[in-house]
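Worksheet: one structure, shown below.
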Amino acid sequence: AQSVTQPDIHITVSEGASLELRCNYSYGATPYLFWYVQSPGQGLQLLLKYFSGDTLVQGIKGFEAEFKRSQSSFNLRKPSVHWSDAAEYFCAVGDNSGGSNYKLTFGKGTLLTVNP
Amino acid sequence: DTGVSQNPRHKITKRGQNVTFRCDPISEHNRLYWYRQTLGQGPEFLTYFQNEAQLEKSRLLSDRFSAERPKGSFSTLEIQRTEQGDSAMYLCAFGDRGPQHFGDGTRLSIL
């Protein structure tokens with residue numbers, strides 16, 4: 001069964017500092033991977049996704065993520081954090097096999113706080 | 001604008017009552033997903049439609065839950081005889097390759 005671990009429950013960074021959110025997955029075949037952001041009381045917004053090809057993926061709002069098969073990781077990065085980035089971030093892994101329904105398994109999330 | 005409309009946004013009901021939620025994707029997409037999210041957790045998969053066919057249901061979806069997607073457009077999720085443990089945010093999402101567009105969800109509170 002596929003699973004996702006987000007080791008950091010809560011991270012606090014200063015505005016303008018760099019950010020890295022960790023994500024480790026467990027999946028038997030080639031996964032496809034997503035990062036989402038969720039503000040309080042709202043649904044999830046897709047930041048970026050990886051299906052295949054270039055392992056460095058660019059997303060919206062200046063975010064990027066790197067797929068490292070050897071480490072089973074898909075960490076999210078941003079070079080300079082803005083106060084508006086404060087939110088909860090979810091990593092998710094899905095089945096990329098033929099005939100897949102593309103359902104996702106989510107991690108428990110990382111809450112990001114940004115200090116002025 | 002998420003591209004997905006969910007109604008109602010918040011539902012408060014007494015234990016034992018039936019509730020129904022609705023999800024309207026703004027544009028046509030083959031795949032539609034329902035997820036449930038409890039406080040402090042990530043979303044958990046409930047069920048999946050391809051067009052009007054419900055192709056997979058999670059074991060989380062007890063026989064008190066039923067979902068439909070008539071005509072392959074909007075979808076409804078009904079919970080019968082609600083229990084305290086049903087309190088959660090219910091999220092609808094669509095996308096051709098995975099749930100890429102989520103609605104803002106319906107928050108269910110059981111009194």
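Simple scheme: letters A, B, ... for chains in structure tokens order, numbers from 1 for residues in each chain, numbers from 1 for ligands in the order shown.
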Practice prompt. List the neighbours of Arg59 of chain B out to 12 Å using only C-alpha atoms; skip same-chain residues closer than 6 positions along the sequence, and give me the result as a PyMOL selection string.
Written response: chain B and resi 44-47+65
What's the 8 Å shell around His10 of chain B, counting only C-alpha atoms, without same-chain residues fewer than 6 positions away, as a compact mmCIF listing (two decimals) with all heavy atoms, in the first residue's frame?
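Listed below is the output, out.txt:
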# COMPACT_ATOMS: atom_id res chain seq x y z
N THR B 106 -17.46 20.94 2.19
CA THR B 106 -18.61 21.11 3.08
C THR B 106 -18.18 20.61 4.45
O THR B 106 -17.77 19.46 4.60
CB THR B 106 -19.82 20.28 2.60
OG1 THR B 106 -20.28 20.80 1.35
CG2 THR B 106 -20.94 20.34 3.63
N ARG B 107 -18.29 21.49 5.44
CA ARG B 107 -17.94 21.09 6.81
C ARG B 107 -19.19 20.58 7.49
O ARG B 107 -20.18 21.30 7.61
CB ARG B 107 -17.35 22.25 7.60
CG ARG B 107 -17.03 21.85 9.05
CD ARG B 107 -16.10 22.81 9.74
NE ARG B 107 -14.78 22.89 9.13
CZ ARG B 107 -13.83 21.97 9.26
NH1 ARG B 107 -14.05 20.88 9.96
NH2 ARG B 107 -12.66 22.14 8.70
N LEU B 108 -19.15 19.34 7.95
CA LEU B 108 -20.28 18.71 8.63
C LEU B 108 -20.02 18.68 10.12
O LEU B 108 -19.00 18.15 10.57
CB LEU B 108 -20.50 17.28 8.11
CG LEU B 108 -21.58 16.45 8.80
CD1 LEU B 108 -22.95 17.10 8.61
CD2 LEU B 108 -21.57 15.02 8.30
N SER B 109 -20.95 19.23 10.88
CA SER B 109 -20.89 19.22 12.34
C SER B 109 -22.09 18.46 12.87
O SER B 109 -23.23 18.80 12.52
CB SER B 109 -20.88 20.64 12.89
OG SER B 109 -19.76 21.36 12.40
Discussion item. I'd like to know which of B:Gly3, B:Gly103, B:Gly16, B:Pro25 is closest to Ile79 of chain B, using only C-alpha atoms.
Written reply: B:Gly16
Item to complete: Using only C-alpha atoms, determine which residues lie at most 9 Å from Glu66 of chain A, disregarding the query and same-chain residues fewer than 3 positions distant; provide the list as a PyMOL selection string.
Response: chain A and resi 50+54-58+73-77
Take the residues that were just selected and, keeping N, CA, C and O atoms, output them as a CSV table (one decimal), in the first residue's frame.
chain,number,residue,atom,x,y,z
A,50,TYR,N,4.3,15.8,-10.2
A,50,TYR,CA,5.3,15.1,-11.0
A,50,TYR,C,4.7,13.8,-11.5
A,50,TYR,O,4.2,13.0,-10.7
A,54,ASP,N,11.7,15.3,-16.2
A,54,ASP,CA,12.6,16.1,-15.4
A,54,ASP,C,12.2,16.0,-13.9
A,54,ASP,O,11.1,16.2,-13.6
A,55,THR,N,13.2,15.6,-13.1
A,55,THR,CA,12.9,15.4,-11.7
A,55,THR,C,12.8,16.7,-10.9
A,55,THR,O,12.3,16.6,-9.7
A,56,LEU,N,13.1,17.8,-11.5
A,56,LEU,CA,12.9,19.1,-10.8
A,56,LEU,C,11.7,19.7,-11.4
A,56,LEU,O,11.7,20.0,-12.6
A,57,VAL,N,10.7,19.9,-10.6
A,57,VAL,CA,9.4,20.4,-11.1
A,57,VAL,C,9.1,21.8,-10.6
A,57,VAL,O,9.3,22.1,-9.4
A,58,GLN,N,8.7,22.7,-11.5
A,58,GLN,CA,8.4,24.0,-11.1
A,58,GLN,C,6.9,24.2,-10.9
A,58,GLN,O,6.1,23.5,-11.7
A,73,SER,N,11.9,10.5,-2.0
A,73,SER,CA,11.5,11.8,-1.4
A,73,SER,C,11.0,12.7,-2.6
A,73,SER,O,11.4,12.6,-3.7
A,74,PHE,N,10.3,13.7,-2.1
A,74,PHE,CA,9.7,14.7,-3.1
A,74,PHE,C,9.6,16.0,-2.2
A,74,PHE,O,8.5,16.4,-1.9
A,75,ASN,N,10.7,16.6,-1.9
A,75,ASN,CA,10.7,17.8,-1.0
A,75,ASN,C,10.3,19.1,-1.8
A,75,ASN,O,10.7,19.3,-2.9
A,76,LEU,N,9.6,19.9,-1.1
A,76,LEU,CA,9.1,21.2,-1.6
A,76,LEU,C,10.1,22.3,-1.2
A,76,LEU,O,10.4,22.4,0.0
A,77,ARG,N,10.4,23.2,-2.1
A,77,ARG,CA,11.3,24.3,-1.8
A,77,ARG,C,10.8,25.6,-2.3
A,77,ARG,O,10.1,25.7,-3.3
Discussion item. Between atom CA of Leu19 of chain A and atom CA of Thr38 of chain B, what distance in Å does the model show, to one decimal?
Written reply: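 That distance, rounded to one decimal, is 26.4 Å.
With only C-alpha atoms taken into account, chain B has Gln41, Gly42, Arg97, Gly98, Phe102, Gly103, Asp104 and Gly105 of chain B at most 6 Å from chain A.
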Selection: 9 Å around segment 33-35 of chain B, only C-alpha atoms, excl. self and same-chain fewer than 5 positions, as a compact mmCIF listing (two decimals) with N, CA and C atoms, in the first residue's frame:
# COMPACT_ATOMS: atom_id res chain seq x y z
N LYS A 103 -6.22 7.86 -7.82
CA LYS A 103 -6.54 8.33 -6.48
C LYS A 103 -5.25 8.58 -5.72
N PRO B 43 -6.41 14.77 3.68
CA PRO B 43 -7.63 14.19 3.10
C PRO B 43 -7.50 12.68 2.91
N GLU B 44 -8.62 11.98 3.11
CA GLU B 44 -8.67 10.53 2.90
C GLU B 44 -9.65 10.22 1.79
N PHE B 45 -9.25 9.35 0.89
CA PHE B 45 -10.06 9.00 -0.27
C PHE B 45 -11.34 8.29 0.16
N LEU B 46 -12.47 8.72 -0.42
CA LEU B 46 -13.75 8.05 -0.18
C LEU B 46 -14.21 7.27 -1.40
N THR B 47 -14.33 7.97 -2.54
CA THR B 47 -14.86 7.31 -3.72
C THR B 47 -14.47 8.08 -4.97
N TYR B 48 -14.65 7.42 -6.11
CA TYR B 48 -14.18 7.95 -7.38
C TYR B 48 -15.18 7.59 -8.49
N PHE B 49 -15.45 8.58 -9.34
CA PHE B 49 -16.32 8.38 -10.49
C PHE B 49 -15.54 8.65 -11.77
N GLN B 50 -15.80 7.81 -12.76
CA GLN B 50 -15.40 8.15 -14.11
C GLN B 50 -16.69 8.30 -14.90
N ALA B 67 -23.04 7.72 -2.88
CA ALA B 67 -22.67 8.81 -3.78
C ALA B 67 -23.19 8.51 -5.16
N LEU B 77 -23.27 13.42 -2.39
CA LEU B 77 -22.84 12.48 -1.36
C LEU B 77 -23.86 12.54 -0.25
N MET B 89 -14.63 17.58 7.21
CA MET B 89 -14.78 18.36 5.99
C MET B 89 -14.86 17.36 4.83
N TYR B 90 -15.87 17.52 3.98
CA TYR B 90 -16.03 16.64 2.82
C TYR B 90 -15.64 17.43 1.57
N LEU B 91 -14.65 16.93 0.88
CA LEU B 91 -14.06 17.64 -0.26
C LEU B 91 -14.36 16.90 -1.55
N CYS B 92 -14.71 17.67 -2.55
CA CYS B 92 -14.91 17.14 -3.89
C CYS B 92 -13.77 17.66 -4.76
N ALA B 93 -13.32 16.83 -5.69
CA ALA B 93 -12.23 17.25 -6.56
C ALA B 93 -12.39 16.59 -7.92
N PHE B 94 -11.83 17.21 -8.93
CA PHE B 94 -11.86 16.59 -10.25
C PHE B 94 -10.53 16.82 -10.94
N GLY B 95 -10.32 16.06 -12.01
CA GLY B 95 -9.09 16.20 -12.79
C GLY B 95 -8.94 14.99 -13.68
N GLY B 98 -5.92 12.53 -11.72
CA GLY B 98 -5.85 12.77 -10.29
C GLY B 98 -6.66 13.98 -9.88
N PRO B 99 -6.92 14.11 -8.57
CA PRO B 99 -7.74 15.21 -8.04
C PRO B 99 -6.96 16.51 -8.02
Discussion item. Among segment 3-101 of chain A, which ones does DSSP assign to strand (DSSP E) (computed from the backbone)? Answer as a ChimeraX atom specification.
Written reply: /A:3-5,10-14,19-21,24-26,31-38,44-50,56-58,64-68,73-78,87-95
Discussion item. Give me, as a ChimeraX atom specification, all polymer residues having an atom no more than 6 Å from Cys23 of chain B, counting only C-alpha atoms and skipping those fewer than 5 positions away in the same chain.
Written reply: /B:5-6,74-75
Worksheet item: Which of these residues is nearest to Pro70 of chain B, using only C-alpha atoms: B:Arg9, B:Arg22, B:His101, B:Arg15?
Response: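 So, comparing all the options, the nearest one is B:Arg22.
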